[in-house]
Amino acid sequence: MQKRALISVSNKTGIVEFAKELAQQGIEIISTGGTRKILEEANVPVIGISEVTGFPEILNGRVKTLHPNVHAGLLAKRSEESHLSQLEEQQIQPIDYVVVNLYPFKETISKEDVTFDDAIENIDIGGPTMLRSAAKNHEDVTVVVDPDDYEQVLNELKGNGISLELKRNLAAKVFRHTAHYDALIADYLTKQTGEEFPETKTFTYERKQTLRYGENPHQKAAFYAEPFAASSSLVNATQLHGKELSYNNIQDADSALQIVKEYDEPAAVAVKHMNPCGVGIGETIFEAYQHTYEADSTSIFGGIVALNRTVDADTAKEMSQIFLEIILAPDFTDDALEILTAKKNIRLIKVSTELSQPEPQIKSVGGGVLIQDEDRNELNESDFKVVTERHPTDAEWKDLKFAWKVVKHVKSNAILLAKGSQTIGIGAGQMNRVGAAKIASEQAGVKAKGSVMASDAFFPMDDTVEAAYQAGVRAIIQPGGSKRDQDSIDKCNEYGIAMVFTGVRHFKH
């Protein structure tokens, strides 16, 4: 019996050439709607779907392949005599190849002016049903959903026939494809309802690149992107120079990018191991970078720097004086690129630093995931409460607000010292708060005199205030909320330190 292929594609890339090759191999081609028209115009012999079903395409194309003559032809097992005899009784011919891809739902909802009705009409029903039928019966049916696979299918077809290994690989790709498709639809419709944490949640990602390895050389890794990631996310960045990013590079670069987005004024951030080692703001991006470098000129070596303004020649010259893994910025002047690309190993990344819409944060745990809103609590000065006798000076207020934006990006327990629009000491990821304070104070050294302190969570006792006083801190910003807040307030009053409560905690694990 002559072999049959059913072709119905939204993405018509390469389909005419592929169909011609199938026809040359003696395969009879069935097609629908727009695909049929294109094949006929290219003089490819085609049978219309209605000739197979004996039923017209109806409901503006909503129903055309949903018919037993199609699905029995796909699902019948060739090794089952009862299946074949039933096909013969019903005068149904088997379908041996299915070449289908789906209505462009993702592309449709990506449009700014998309209406709900447009989105609904671009939910494919017949396509996924055919794909799933064919993929379920992949031992007997070759199913192709991706134009990139046309060449391999033809090569095997012209050789010894389609191998079971290729059929199985293609079937697996089909179910990945339909799962991805359905996840996009489910997410879109769920967002229309406003439900934040539904009873089930299916996330889907698209592979951006495979990586040489993960956190360590013995760990495999790949980089996947959300389908609608913001322009100011790393997945939509443009790499202008340097070798591919590694797993750790991507994590660090994302950390730097999230911090620099906090600032409207020119800002620069240096990151090592997902913690900031220096943050600075200034009147110009050159001044901001200088503050960042001076914040910790040791730790910045081999680090990642993100800036929220175009990198100019002067800033590029400064950065070229030390070894940096990556520089991220909204843009680079031609002169800056000429200076920085002279360094072979540096990676230059062009990416928007505009604050994007909040996105859910996902963290894997054994057997599951945790999902939470992004920590996007905006700085609300009206919620700040001075709880001490002494109030911060204007200069201290400026530094306190600067430090509060940074400390939420430091691993808990976190203590940060700042002065003059730059961080001067950061204690990150410690098991107790006073330990983090001592690390930050040691790092700051004599620069700590007259500085401010920010803490990501409340002080459980007054020992952190004691450490602040010993370092020379003059003002503290922290959430408050401890049962022993008054002990810390009293200690601040004793030492003449101003303390501000924000009422907001910023744990980062």
# chains A, B, ... in the order shown; residues from 1 in each chain; ligands from 1
>>> select_by_dssp(residues="segment 191-264 of chain A", states="strand (DSSP E)", output="list of chain:residue names")
A:Glu206, A:Arg207, A:Lys208, A:Gln209, A:Thr210, A:Leu211, A:Ala221, A:Ala222, A:Phe223, A:Tyr224, A:Ala225, A:Thr238, A:Gln239, A:Leu240, A:His241
>>> residues_around(residues="Leu348 of chain A", least_positions_apart="2", cutoff="7 Å", atoms="only C-alpha atoms", output="list in words")
Gln239, Leu240, His241, Gly242, Ile326, Ile327, Leu328, Ile346 and Lys350 of chain A
>>> residues_around(residues="Glu354 of chain A", least_positions_apart="2", cutoff="10 Å", atoms="only C-alpha atoms", output="PDB file with N, CA and C atoms, in the first residue's frame")
ATOM      1  N   ALA A 230      11.921  39.847  30.007  1.00  0.00           N
ATOM      2  CA  ALA A 230      12.009  41.284  29.777  1.00  0.00           C
ATOM      3  C   ALA A 230      13.280  41.641  29.004  1.00  0.00           C
ATOM      4  N   SER A 231      13.228  42.764  28.308  1.00  0.00           N
ATOM      5  CA  SER A 231      14.404  43.211  27.546  1.00  0.00           C
ATOM      6  C   SER A 231      15.571  43.509  28.467  1.00  0.00           C
ATOM      7  N   SER A 232      15.271  43.838  29.738  1.00  0.00           N
ATOM      8  CA  SER A 232      16.334  44.138  30.686  1.00  0.00           C
ATOM      9  C   SER A 232      16.765  42.904  31.475  1.00  0.00           C
ATOM     10  N   SER A 233      16.537  41.723  30.901  1.00  0.00           N
ATOM     11  CA  SER A 233      17.023  40.486  31.522  1.00  0.00           C
ATOM     12  C   SER A 233      18.221  39.976  30.738  1.00  0.00           C
ATOM     13  N   LEU A 257      23.238  42.899  37.592  1.00  0.00           N
ATOM     14  CA  LEU A 257      22.210  43.596  36.827  1.00  0.00           C
ATOM     15  C   LEU A 257      21.033  43.984  37.721  1.00  0.00           C
ATOM     16  N   GLN A 258      20.618  43.078  38.596  1.00  0.00           N
ATOM     17  CA  GLN A 258      19.481  43.375  39.475  1.00  0.00           C
ATOM     18  C   GLN A 258      19.805  44.516  40.441  1.00  0.00           C
ATOM     19  N   VAL A 260      22.083  47.062  39.973  1.00  0.00           N
ATOM     20  CA  VAL A 260      22.256  48.363  39.312  1.00  0.00           C
ATOM     21  C   VAL A 260      20.914  48.932  38.857  1.00  0.00           C
ATOM     22  N   LYS A 261      19.909  48.068  38.679  1.00  0.00           N
ATOM     23  CA  LYS A 261      18.563  48.538  38.311  1.00  0.00           C
ATOM     24  C   LYS A 261      17.912  49.351  39.427  1.00  0.00           C
ATOM     25  N   GLU A 262      18.431  49.252  40.642  1.00  0.00           N
ATOM     26  CA  GLU A 262      17.837  49.951  41.786  1.00  0.00           C
ATOM     27  C   GLU A 262      17.999  51.468  41.687  1.00  0.00           C
ATOM     28  N   TYR A 263      18.959  51.928  40.867  1.00  0.00           N
ATOM     29  CA  TYR A 263      19.350  53.345  40.926  1.00  0.00           C
ATOM     30  C   TYR A 263      18.943  54.105  39.677  1.00  0.00           C
ATOM     31  N   ASP A 264      18.395  55.305  39.887  1.00  0.00           N
ATOM     32  CA  ASP A 264      18.097  56.207  38.783  1.00  0.00           C
ATOM     33  C   ASP A 264      19.331  57.028  38.408  1.00  0.00           C
ATOM     34  N   ASN A 308      24.770  51.487  34.783  1.00  0.00           N
ATOM     35  CA  ASN A 308      23.451  51.836  34.238  1.00  0.00           C
ATOM     36  C   ASN A 308      23.490  53.024  33.283  1.00  0.00           C
ATOM     37  N   PRO A 330      24.137  49.469  29.350  1.00  0.00           N
ATOM     38  CA  PRO A 330      23.148  49.683  28.287  1.00  0.00           C
ATOM     39  C   PRO A 330      23.790  49.898  26.924  1.00  0.00           C
ATOM     40  N   VAL A 351      23.017  45.388  27.587  1.00  0.00           N
ATOM     41  CA  VAL A 351      21.716  44.985  28.111  1.00  0.00           C
ATOM     42  C   VAL A 351      21.024  46.182  28.749  1.00  0.00           C
ATOM     43  N   SER A 352      19.733  46.248  28.589  1.00  0.00           N
ATOM     44  CA  SER A 352      18.959  47.320  29.218  1.00  0.00           C
ATOM     45  C   SER A 352      19.028  47.201  30.734  1.00  0.00           C
ATOM     46  N   SER A 356      12.262  46.289  35.077  1.00  0.00           N
ATOM     47  CA  SER A 356      11.205  45.580  34.362  1.00  0.00           C
ATOM     48  C   SER A 356      10.081  45.208  35.313  1.00  0.00           C
ATOM     49  N   GLN A 357       9.025  44.612  34.756  1.00  0.00           N
ATOM     50  CA  GLN A 357       7.927  44.135  35.588  1.00  0.00           C
ATOM     51  C   GLN A 357       8.417  43.024  36.514  1.00  0.00           C
TER      52      GLN A 357
END
>>> select_by_dssp(residues="segment 159-362 of chain A", states="helix (DSSP H, G or I)", output="number ranges by chain")
A: 164-193, 234-236, 247-260, 285-295, 313-319, 334-340
>>> closest_residue(among="A:Val174, A:Glu318, A:Val141, A:Thr204", to="Tyr293 of chain A", atoms="only C-alpha atoms")
A:Glu318
>>> residues_around(residues="Phe501 of chain A", least_positions_apart="4", cutoff="7 Å", atoms="only C-alpha atoms", output="list in words")
Phe384, Lys385, Val386, Val387, Ile477, Gln478, Pro479 and Gly480 of chain A
>>> residues_around(residues="Ala253 of chain A", least_positions_apart="2", cutoff="8 Å", atoms="only C-alpha atoms", output="NGL selection string")
:A and (234 or 249-251 or 255-257 or 271 or 304-306 or 326 or 328)
>>> closest_residue(among="A:Ile489, A:Ile322, A:Gln25, A:Gly33", to="Glu156 of chain A", atoms="only C-alpha atoms")
A:Gln25
>>> residues_around(residues="Gly214 of chain A", least_positions_apart="4", cutoff="8 Å", atoms="only C-alpha atoms", output="tab-separated table (two decimals) with N, CA and C atoms, in the first residue's frame")
chain	number	residue	atom	x	y	z
A	218	HIS	N	32.56	19.16	37.04
A	218	HIS	CA	31.93	17.83	36.99
A	218	HIS	C	30.41	17.91	36.89
A	219	GLN	N	29.85	19.14	36.81
A	219	GLN	CA	28.40	19.32	36.73
A	219	GLN	C	27.99	19.81	35.34
A	220	LYS	N	27.04	19.11	34.72
A	220	LYS	CA	26.53	19.53	33.42
A	220	LYS	C	25.52	20.67	33.61
A	221	ALA	N	25.38	21.51	32.57
A	221	ALA	CA	24.48	22.66	32.72
A	221	ALA	C	24.06	23.21	31.36
A	222	ALA	N	22.94	23.90	31.36
A	222	ALA	CA	22.45	24.62	30.19
A	222	ALA	C	21.74	25.87	30.68
A	246	SER	N	29.85	31.48	31.32
A	246	SER	CA	29.74	30.22	32.05
A	246	SER	C	28.54	30.27	32.98
A	247	TYR	N	28.23	29.14	33.61
A	247	TYR	CA	27.13	29.05	34.57
A	247	TYR	C	27.30	30.09	35.68
A	248	ASN	N	28.49	30.14	36.28
A	248	ASN	CA	28.74	31.08	37.37
A	248	ASN	C	28.74	32.52	36.87
>>> residues_around(residues="segment 95-107 of chain A", least_positions_apart="3", cutoff="8 Å", atoms="only C-alpha atoms", output="number ranges by chain")
A: 3-11, 70, 73-74, 110-111, 119, 122-124, 127-128, 130-131, 134, 140-146, 181, 184-185
>>> closest_residue(among="A:His273, A:Arg62, A:His509, A:His138", to="Lys363 of chain A", atoms="only C-alpha atoms")
A:His509
>>> atom_distance(atom1="atom CA of Glu28 of chain A", atom2="atom CA of Ala42 of chain A")
15.5 Å
